[in-house]
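Working notes, structure below.
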Amino acid sequence: MAPIDHHHRSTTKAIQKGFKSRHASKSALRDRSKGKIEAEKGVRKTPHQQVMSKLDRRNQAKQKRLTNHSEHLKATGVFSGRDGAPRIVAIVPLCANLSSAAAVRSLNLGVDLEVEVPEEGWVRTNIERFKQKVAYIMVKRDLLAALDACRIADYVVFVLSPGEEVDAEGEHLLRAIESQGLSNCFTVVQGLDAVEPPKRRTQIATSLLSYINHFLPAIEKVFSLDSRQESANLVRSLCTTIPKGISWREQRSWMMVEDVQWQGGKSAMTDGATGEVVLTGVVRGRGLNADKLVTVGDWGDFQVDKITAAPLASKKRNGEVEMEDAEPALLQEPTADQEGLEELAPEEAVMEDASNYPMSIAPSEKKGVLLDDHHYFSDEYEDIAYGQKPKRLPKGTSKYQSAWYLDDVSDSGSDLEDAEEDEEGDFNMEGTANPADGVEGMDPNGPEPTEGAPTTYAQSEMFLDPSPEDEAEQLAEYRRTRKDEAEEDLEFPDEIELPPNVLARERLARYRGLKSLRTSHWETDEDKPHEPSEWPRLLEVKDFKGAVKKVLRETLVGGVAPGTRVNVHLKNVPLSFQHSYNPSRILSMFSLLRHEHKRTSINYSITLSSSYPVPVKSKTEFVVQCGPRRMVIKPIFSAAGNSPNDVHKFDRYLHPGRNAIASFIGPLTWGSVPALYFERVVPSDPEDVTPQSLNLVATGTSLAPSTNRVVTKRIILTGHPYKIHKKLVTVRYMFFNSEDVAWFKALQLWTKRGRSGFIRESLGTHGYFKATFDGKINPLDAVACSLYKRVWPRSSAPFQE
C-alpha cells in the first residue's frame, strides 16, 4: 500500500481555500457595486428582539403611566372644579310598578345623603365621598321624555322589577333608547329583598341579567337597590368611571339646560312675538362657538346673541351663600362670520323659463318615447310611426334627396332599399336582458334576433280585429283576480294594467325607456320642468367625506371651553314656547355644525323593526329623529347600493326583512348619525284628547346627501303571446290602439323567462303587434316592457308634539 502524502493533501486544501476566498471577495465586490449591502451576522435589528435593560423598561412603564394619566385627566377634566359639569345619570324604569325617584333615594342612602328628590325632573347631588357632582334625571315611562334624557346622559340606569316582567311598552322603550345610542349603562333591581324565600333572590337576579344581556350584552351585573353596599358600589362606579360618550354627540357642543329665562316676559306674548331667551347650563362636548347656530329641543334653530359666564354661587365658611352683584363676564360674542338662518340658496335675478330648458326634441315634435337620451322617431319616421307604407328608394339616398320622391320608384331591381329595413339597426339595442333588476336589452353576442325569411306567416292567414264584446270578455278572463296591493307588489313588483279606454302615450307621457338601469345615461334636462320649485336652491355637496373632515376640524378650535357654566342668550325666540315649556321635562341645546341648517336632498338608510311585520308604503308619514332633531317626513324608498349612473329604482313598498334608502328634502346632518322612524298611533276613541303616542317602526343611519341621485319609478307593461311562429310572436293586451304601439315601438321587450326582443309592426287597430325575439318563447310566458319616470323627494316639516 502506498504511503499517504499528508503534505500534498494540506497543500491542496490550502489552494482550494484560497480560491474560495478570492471568489468570495470578488462576489462581495460585485454585490457592493450593485448597491447590495451584506447583512451583519449575529446582530438583532428588530427592537422587539433586543433585550431592554432594567432602566429602559422602567422608563417605558413610566411613559405609559404618564400617557394614561393625561388621557384620564382630559376625559374627566370637564367634571373637576367648583363649577365643573355634573355627571348626568338618567334613571329609566322599565316596569309600570317602579319609581325612578325611589331608585335615586336608594342610591343617595347608600352614600349617606338625604336630598329631596322630585317624582319627575332632575336633581343635583354633591357626593362628598367621591368629590363629584351627579345630576339625576327621573324619567317616567314616556318615550320622548326618555329619549331626550338618554340623549344627553353620561350614564343610563335601567330599573327592573323582581316580580313583574317587562311589558311591551317597557321593551319598546328599551329598543328605542338602544337604537338612539347609549353611553355607559347599568341595571338595578328594586324590591328584591321582598322576595321570599331568600334563596330565590339569586335566581331572579340571574334571570334579570340574562334578560338585559339580550339587549345590552356589555352589562355584567344587576345591582340591588335594597342593599346599601351595592348602592354605594353603583354610586362609586358612576363617580369614577369615564363615560365613553356617543360619537355624534361628542362631535358637537351641547349642554343640558338647567334654567330658562324669558327676557320678554308674558306681557309681550302675542301671536308671532319673539324675544330674547337665556339658557343656563354647562358646556359639554366641543367648544361652544357663538358664530354657530344652536337647536333647542323641538323649538327649532336659533342664532346666539352672546355667551356670558354663569358660575354657581359660592359658600362662605360659616355656611352662608355669597351673592355676586357684579355683571356676568362676557365670554364670547358673534362675529361677522355668524351663520344665518337661510335654508335655501338665494334666488337668481333672472330665473330660467321652463321653455328654455335644453331638450333633445321639443314636446310638440316628439314622435315616440324617449329611450336613454334619444327620441328615435324624428320627422323622417313620422310616416312609419303612424302606420303609413314606407317608400322604396335607391340605395344611398339621403334625407334631403328622399323628399323629391313622391312615391316608390320601382318594385324591380336590387338597387332599392326599404326605409324600414334600413332603420332596423336603430332598434337593435345593446345590453343583456335581466328582468329582475330592470336591465333590459338584447345580447349583441347572442343569436340573431330576426330571421331572414321575407314572411313569417302563411300567405293564406289574415289578421282580423276581434269584436269589442269578445275582446272585453277575453281580457277579463286573462286578468285574474289579484291579491291586495302590498302582496301584489311583492309577487308582481312594478307591474300595472292599463284600462282599454286609456291612451298609454298620454297616461305615460313622463315615462321613458332605458337600455340598462345601472349604466344608461339619464337625461336630466327632460325632468327640469317637473322638478320641485326649491330644487335648484338646495345645497349641493360634491365631496361628502372631505367636507365632513373639514367641518369637524373647525370644531377643534375656538369657542367656550367645555366644563364652563354659561348663559346662552338666543335671539328671536317665539315667546309662545312659554306655554309648551315644562320645567320638569329635560331640555337640551346642541350647537349645529357648519351648513347643518341648510336644506338638501337627504338620504337615510331604513330597516323595518322585527316587531313590525307589516309592509310600509312609500310616502307614508313618519316622525324621524336623527341626532338632535325630530322632523315629520314622507320619504320615498329606493333600492340601496351604488350604480355607475347614480340611478336607483323606486320601491312602492318596504317589506319586512329588506333594506332601502329613504329620501326627502330636509336639513343636512354631517356624519353617520343613528335615525329612528316613528309612526303616530291615533287613539281608537275619536273623542280622546290625549296626545298621540309614537311607535318605533324602523331604524337607520344618515348617509351622504345628493341632489344628483336619481330615483326612478319603474312600471312594467305586460302582454299575452297570442300567436307564436318560431321567433315571431303576436302580442296582445299590452296596448289597445295602434298609435300607442307606434309611440312605444323603440322600447325593448323581454319575457319573464329571459328572452328579449323588439316590436316589429302593428296589427289592426286594437293594439295587437308583431314582435321578434332572440329565441322561441313558451306559450305560458309573458311579454313585458319597462318604463321609467323620475320621482322627486318631498319636503320635511318640523315636529311639534
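Residues are referred to by chain and number: the chain letter is A, B, ... according to the order shown in the C-alpha cells, the number counts from 1 in that chain, and ligands are numbered separately from 1 in the order shown.
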
Test item: residues at most 6 Å from region 226-235 of chain A, only C-alpha atoms, excluding those fewer than 3 positions along its chain, as a list in words:
Leu107, Gly110, Val111, Phe223 and Leu238 of chain A

Could you pull the residues within 7 Å of Leu608 (chain A), counting only C-alpha atoms, minus those fewer than 4 positions along the same chain, as a PDB file with C-alpha atoms, in the first residue's frame?
ATOM      1  CA  TYR A 612     -93.289  45.410  12.767  1.00  0.00           C
ATOM      2  CA  PRO A 656     -90.039  43.303   6.302  1.00  0.00           C
ATOM      3  CA  GLY A 657     -86.511  41.955   6.192  1.00  0.00           C
ATOM      4  CA  VAL A 697     -91.219  51.310  13.157  1.00  0.00           C
ATOM      5  CA  ALA A 698     -87.687  51.258  11.730  1.00  0.00           C
ATOM      6  CA  THR A 699     -84.110  52.331  12.320  1.00  0.00           C
TER       7      THR A 699
END

With distances taken over only C-alpha atoms, which residue among A:Cys150, A:Ile137, A:Lys649, A:Trp792 lies nearest Lys528 (chain A)?
A:Trp792

Using DSSP on the backbone coordinates, identify the residues of region 483-714 of chain A assigned to alpha helix (DSSP H); present them as number ranges by chain.
A: 485-491, 504-507, 544-554, 577-580

May I have the residues within 8 Å of Val78 (chain A) as a PDB file with C-alpha atoms, in the first residue's frame, using only C-alpha atoms and disregarding those fewer than 6 positions away in the same chain?
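In the end it all went to part10.pdb:
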ATOM      1  CA  GLY A  84     -67.449  71.647  36.786  1.00  0.00           C
ATOM      2  CA  ALA A  85     -70.131  69.742  34.949  1.00  0.00           C
ATOM      3  CA  ARG A 284     -70.075  69.749  27.065  1.00  0.00           C
ATOM      4  CA  PRO A 562     -66.123  72.504  27.808  1.00  0.00           C
ATOM      5  CA  GLY A 563     -66.881  72.378  31.523  1.00  0.00           C
TER       6      GLY A 563
END

Option closest in space to Val568 (chain A), from A:Leu109, A:Leu331, A:Ala675, A:Ala101 [counting only C-alpha atoms]
A:Leu331

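Shortest separation to Val282 (chain A) among A:Ser588, A:Thr67, A:Thr772, A:Gln625 occurs at residue A:Ser588, atoms counted being only C-alpha atoms.
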
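Using only C-alpha atoms, the protein and nucleic acid residues lying no more than 12 Å from Tyr211 (chain A), apart from those fewer than 4 places from it along its own chain, are A:Leu160, A:Ser161, A:Glu165, A:Val166, A:Glu171, A:Leu174, A:Thr187, A:Ile204, A:Ala205, A:Thr206, A:Ser207, A:Phe215, A:Leu216, A:Pro217, A:Ile219, A:Glu220, A:Lys221, A:Val222.
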
Write the residues of the selection above to a file with N, CA and C atoms, as a PDB file, in the first residue's frame.
ATOM      1  N   LEU A 160     -85.353  47.470  36.999  1.00  0.00           N
ATOM      2  CA  LEU A 160     -86.173  46.289  36.757  1.00  0.00           C
ATOM      3  C   LEU A 160     -86.892  45.901  38.032  1.00  0.00           C
ATOM      4  N   SER A 161     -87.950  45.108  37.862  1.00  0.00           N
ATOM      5  CA  SER A 161     -88.749  44.635  38.992  1.00  0.00           C
ATOM      6  C   SER A 161     -88.540  43.139  39.171  1.00  0.00           C
ATOM      7  N   GLU A 165     -92.761  41.251  34.998  1.00  0.00           N
ATOM      8  CA  GLU A 165     -91.990  41.200  33.760  1.00  0.00           C
ATOM      9  C   GLU A 165     -92.080  42.537  33.018  1.00  0.00           C
ATOM     10  N   VAL A 166     -91.087  42.769  32.178  1.00  0.00           N
ATOM     11  CA  VAL A 166     -91.087  43.970  31.350  1.00  0.00           C
ATOM     12  C   VAL A 166     -92.160  43.815  30.280  1.00  0.00           C
ATOM     13  N   GLU A 171     -90.387  47.264  26.829  1.00  0.00           N
ATOM     14  CA  GLU A 171     -89.464  46.733  25.823  1.00  0.00           C
ATOM     15  C   GLU A 171     -89.341  47.685  24.639  1.00  0.00           C
ATOM     16  N   LEU A 174     -87.000  50.368  25.711  1.00  0.00           N
ATOM     17  CA  LEU A 174     -85.617  49.892  25.737  1.00  0.00           C
ATOM     18  C   LEU A 174     -85.029  49.811  24.330  1.00  0.00           C
ATOM     19  N   THR A 187     -77.736  48.392  35.305  1.00  0.00           N
ATOM     20  CA  THR A 187     -79.062  47.844  35.567  1.00  0.00           C
ATOM     21  C   THR A 187     -79.199  47.593  37.057  1.00  0.00           C
ATOM     22  N   ILE A 204     -83.526  35.077  40.675  1.00  0.00           N
ATOM     23  CA  ILE A 204     -84.188  36.202  39.997  1.00  0.00           C
ATOM     24  C   ILE A 204     -83.154  37.164  39.444  1.00  0.00           C
ATOM     25  N   ALA A 205     -82.095  37.455  40.213  1.00  0.00           N
ATOM     26  CA  ALA A 205     -81.051  38.356  39.721  1.00  0.00           C
ATOM     27  C   ALA A 205     -80.370  37.786  38.487  1.00  0.00           C
ATOM     28  N   THR A 206     -80.133  36.472  38.476  1.00  0.00           N
ATOM     29  CA  THR A 206     -79.531  35.830  37.301  1.00  0.00           C
ATOM     30  C   THR A 206     -80.461  35.902  36.100  1.00  0.00           C
ATOM     31  N   SER A 207     -81.766  35.700  36.329  1.00  0.00           N
ATOM     32  CA  SER A 207     -82.733  35.773  35.230  1.00  0.00           C
ATOM     33  C   SER A 207     -82.819  37.182  34.666  1.00  0.00           C
ATOM     34  N   PHE A 215     -80.440  42.526  25.167  1.00  0.00           N
ATOM     35  CA  PHE A 215     -80.418  43.835  24.514  1.00  0.00           C
ATOM     36  C   PHE A 215     -79.060  44.517  24.671  1.00  0.00           C
ATOM     37  N   LEU A 216     -78.445  44.387  25.859  1.00  0.00           N
ATOM     38  CA  LEU A 216     -77.179  45.075  26.167  1.00  0.00           C
ATOM     39  C   LEU A 216     -76.186  44.055  26.697  1.00  0.00           C
ATOM     40  N   PRO A 217     -75.444  43.403  25.826  1.00  0.00           N
ATOM     41  CA  PRO A 217     -74.535  42.326  26.283  1.00  0.00           C
ATOM     42  C   PRO A 217     -73.401  42.816  27.165  1.00  0.00           C
ATOM     43  N   ILE A 219     -73.486  44.595  29.873  1.00  0.00           N
ATOM     44  CA  ILE A 219     -73.815  44.666  31.302  1.00  0.00           C
ATOM     45  C   ILE A 219     -73.390  43.367  31.983  1.00  0.00           C
ATOM     46  N   GLU A 220     -72.656  43.508  33.075  1.00  0.00           N
ATOM     47  CA  GLU A 220     -72.099  42.343  33.759  1.00  0.00           C
ATOM     48  C   GLU A 220     -72.810  42.009  35.066  1.00  0.00           C
ATOM     49  N   LYS A 221     -73.555  42.954  35.632  1.00  0.00           N
ATOM     50  CA  LYS A 221     -74.159  42.714  36.943  1.00  0.00           C
ATOM     51  C   LYS A 221     -75.440  43.513  37.073  1.00  0.00           C
ATOM     52  N   VAL A 222     -76.370  42.961  37.863  1.00  0.00           N
ATOM     53  CA  VAL A 222     -77.595  43.658  38.233  1.00  0.00           C
ATOM     54  C   VAL A 222     -77.480  44.043  39.705  1.00  0.00           C
TER      55      VAL A 222
END

Residues within 6 Å of Ser756 (chain A), only C-alpha atoms, excluding chain neighbours under 5 positions, as a list in words:
Met442, Leu749, Trp750, Phe773 and Asp774 of chain A

Expected file: the selected residues, C-alpha atoms, as a PDB file, in the first residue's frame:
ATOM      1  CA  MET A 442     -80.530  42.368 -26.369  1.00  0.00           C
ATOM      2  CA  LEU A 749     -89.267  43.709 -24.965  1.00  0.00           C
ATOM      3  CA  TRP A 750     -88.386  40.943 -22.554  1.00  0.00           C
ATOM      4  CA  PHE A 773     -87.380  37.614 -30.092  1.00  0.00           C
ATOM      5  CA  ASP A 774     -83.922  36.072 -29.805  1.00  0.00           C
TER       6      ASP A 774
END

Using only C-alpha atoms, which residue out of A:Leu593, A:Val791, A:Leu517, A:Val623 lies closest to Ser643 (chain A)?
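Among the listed residues, the smallest separation from Ser643 (chain A) belongs to A:Leu517.
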
Contact residues around region 731-743 of chain A with only C-alpha atoms at 9 Å, ignoring same-chain residues under 3 positions, as an MDAnalysis selection string:
chainID A and resid 367:369 377 384:387 475 497:505 717:724 746 759 761:771 783:785

For the residues in the current selection, export N, CA and C atoms as a compact mmCIF listing (two decimals), in the first residue's frame.
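Result written to part-v3.txt:
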# COMPACT_ATOMS: atom_id res chain seq x y z
N LYS A 367 -92.17 62.11 -31.55
CA LYS A 367 -92.94 61.10 -32.26
C LYS A 367 -92.90 59.75 -31.56
N GLY A 368 -92.14 59.65 -30.48
CA GLY A 368 -92.03 58.38 -29.78
C GLY A 368 -91.45 58.58 -28.39
N VAL A 369 -91.40 57.50 -27.65
CA VAL A 369 -90.92 57.55 -26.28
C VAL A 369 -89.42 57.81 -26.26
N PHE A 377 -87.78 58.43 -33.08
CA PHE A 377 -88.66 58.74 -34.21
C PHE A 377 -88.66 60.24 -34.43
N ILE A 384 -93.72 56.13 -40.86
CA ILE A 384 -93.58 54.77 -40.36
C ILE A 384 -94.29 54.63 -39.01
N ALA A 385 -94.12 55.65 -38.16
CA ALA A 385 -94.66 55.56 -36.81
C ALA A 385 -96.18 55.49 -36.81
N TYR A 386 -96.79 56.11 -37.79
CA TYR A 386 -98.24 56.13 -37.81
C TYR A 386 -98.82 55.21 -38.88
N GLY A 387 -98.06 54.16 -39.22
CA GLY A 387 -98.61 53.07 -39.99
C GLY A 387 -98.64 53.27 -41.48
N LEU A 475 -110.26 39.68 -22.24
CA LEU A 475 -109.38 40.46 -21.36
C LEU A 475 -109.73 40.23 -19.90
N GLU A 497 -101.62 47.43 -15.11
CA GLU A 497 -102.54 47.04 -16.16
C GLU A 497 -103.30 48.27 -16.61
N LEU A 498 -103.20 48.61 -17.88
CA LEU A 498 -103.88 49.78 -18.42
C LEU A 498 -105.30 49.42 -18.82
N PRO A 499 -106.26 50.26 -18.49
CA PRO A 499 -107.64 50.02 -18.98
C PRO A 499 -107.68 50.19 -20.50
N PRO A 500 -108.58 49.50 -21.18
CA PRO A 500 -108.64 49.59 -22.65
C PRO A 500 -108.97 50.98 -23.17
N ASN A 501 -109.68 51.79 -22.38
CA ASN A 501 -110.09 53.11 -22.86
C ASN A 501 -109.09 54.21 -22.53
N VAL A 502 -107.90 53.89 -22.03
CA VAL A 502 -106.88 54.87 -21.67
C VAL A 502 -105.77 54.84 -22.71
N LEU A 503 -105.38 56.04 -23.18
CA LEU A 503 -104.29 56.15 -24.13
C LEU A 503 -102.97 56.06 -23.37
N ALA A 504 -102.16 55.08 -23.70
CA ALA A 504 -100.91 54.86 -22.98
C ALA A 504 -99.94 56.01 -23.19
N ARG A 505 -99.90 56.60 -24.39
CA ARG A 505 -98.93 57.68 -24.67
C ARG A 505 -99.27 58.95 -23.88
N LEU A 717 -95.29 47.03 -18.34
CA LEU A 717 -96.47 46.70 -19.13
C LEU A 717 -96.32 45.27 -19.64
N THR A 718 -97.31 44.45 -19.41
CA THR A 718 -97.24 43.05 -19.81
C THR A 718 -98.27 42.76 -20.88
N GLY A 719 -97.93 41.83 -21.75
CA GLY A 719 -98.82 41.39 -22.80
C GLY A 719 -98.85 39.87 -22.88
N HIS A 720 -99.79 39.39 -23.63
CA HIS A 720 -100.01 37.95 -23.74
C HIS A 720 -99.62 37.48 -25.14
N PRO A 721 -98.75 36.46 -25.25
CA PRO A 721 -98.41 35.93 -26.58
C PRO A 721 -99.62 35.23 -27.21
N TYR A 722 -100.21 35.88 -28.21
CA TYR A 722 -101.45 35.39 -28.80
C TYR A 722 -101.16 34.28 -29.82
N LYS A 723 -100.18 34.52 -30.68
CA LYS A 723 -99.77 33.53 -31.68
C LYS A 723 -98.25 33.47 -31.71
N ILE A 724 -97.72 32.28 -31.86
CA ILE A 724 -96.27 32.08 -31.86
C ILE A 724 -95.90 31.31 -33.11
N ALA A 746 -89.91 51.86 -29.97
CA ALA A 746 -88.47 51.81 -29.73
C ALA A 746 -88.10 51.02 -28.48
N ILE A 759 -90.45 45.32 -30.95
CA ILE A 759 -91.68 45.40 -31.73
C ILE A 759 -91.33 45.54 -33.20
N GLU A 761 -94.04 45.37 -36.01
CA GLU A 761 -95.07 46.15 -36.67
C GLU A 761 -96.39 45.97 -35.94
N SER A 762 -97.28 46.93 -36.14
CA SER A 762 -98.60 46.90 -35.53
C SER A 762 -99.55 46.09 -36.38
N LEU A 763 -100.52 45.45 -35.72
CA LEU A 763 -101.54 44.66 -36.41
C LEU A 763 -102.91 45.21 -36.03
N GLY A 764 -103.69 45.60 -37.02
CA GLY A 764 -105.04 46.07 -36.76
C GLY A 764 -105.05 47.38 -36.00
N THR A 765 -106.18 47.63 -35.35
CA THR A 765 -106.38 48.91 -34.65
C THR A 765 -106.58 48.73 -33.15
N HIS A 766 -106.50 47.50 -32.64
CA HIS A 766 -106.78 47.24 -31.23
C HIS A 766 -105.53 47.01 -30.40
N GLY A 767 -104.37 47.38 -30.92
CA GLY A 767 -103.15 47.30 -30.13
C GLY A 767 -102.39 46.00 -30.27
N TYR A 768 -102.79 45.11 -31.17
CA TYR A 768 -102.02 43.89 -31.41
C TYR A 768 -100.76 44.27 -32.21
N PHE A 769 -99.67 43.54 -31.98
CA PHE A 769 -98.45 43.82 -32.75
C PHE A 769 -97.62 42.55 -32.86
N LYS A 770 -96.76 42.58 -33.89
CA LYS A 770 -95.79 41.51 -34.08
C LYS A 770 -94.50 41.88 -33.38
N ALA A 771 -93.87 40.89 -32.77
CA ALA A 771 -92.60 41.10 -32.08
C ALA A 771 -91.65 39.97 -32.43
N VAL A 783 -94.94 38.58 -22.08
CA VAL A 783 -94.11 39.57 -22.74
C VAL A 783 -94.26 40.89 -21.99
N ALA A 784 -93.14 41.59 -21.76
CA ALA A 784 -93.18 42.80 -20.96
C ALA A 784 -92.22 43.83 -21.51
N CYS A 785 -92.45 45.09 -21.16
CA CYS A 785 -91.52 46.17 -21.43
C CYS A 785 -91.51 47.09 -20.21

Can you work out the spacing between CA of Leu279 (chain A) and CA of Gln303 (chain A) in Å, to one decimal?
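Between CA of Leu279 (chain A) and CA of Gln303 (chain A) the gap is 12.7 Å.
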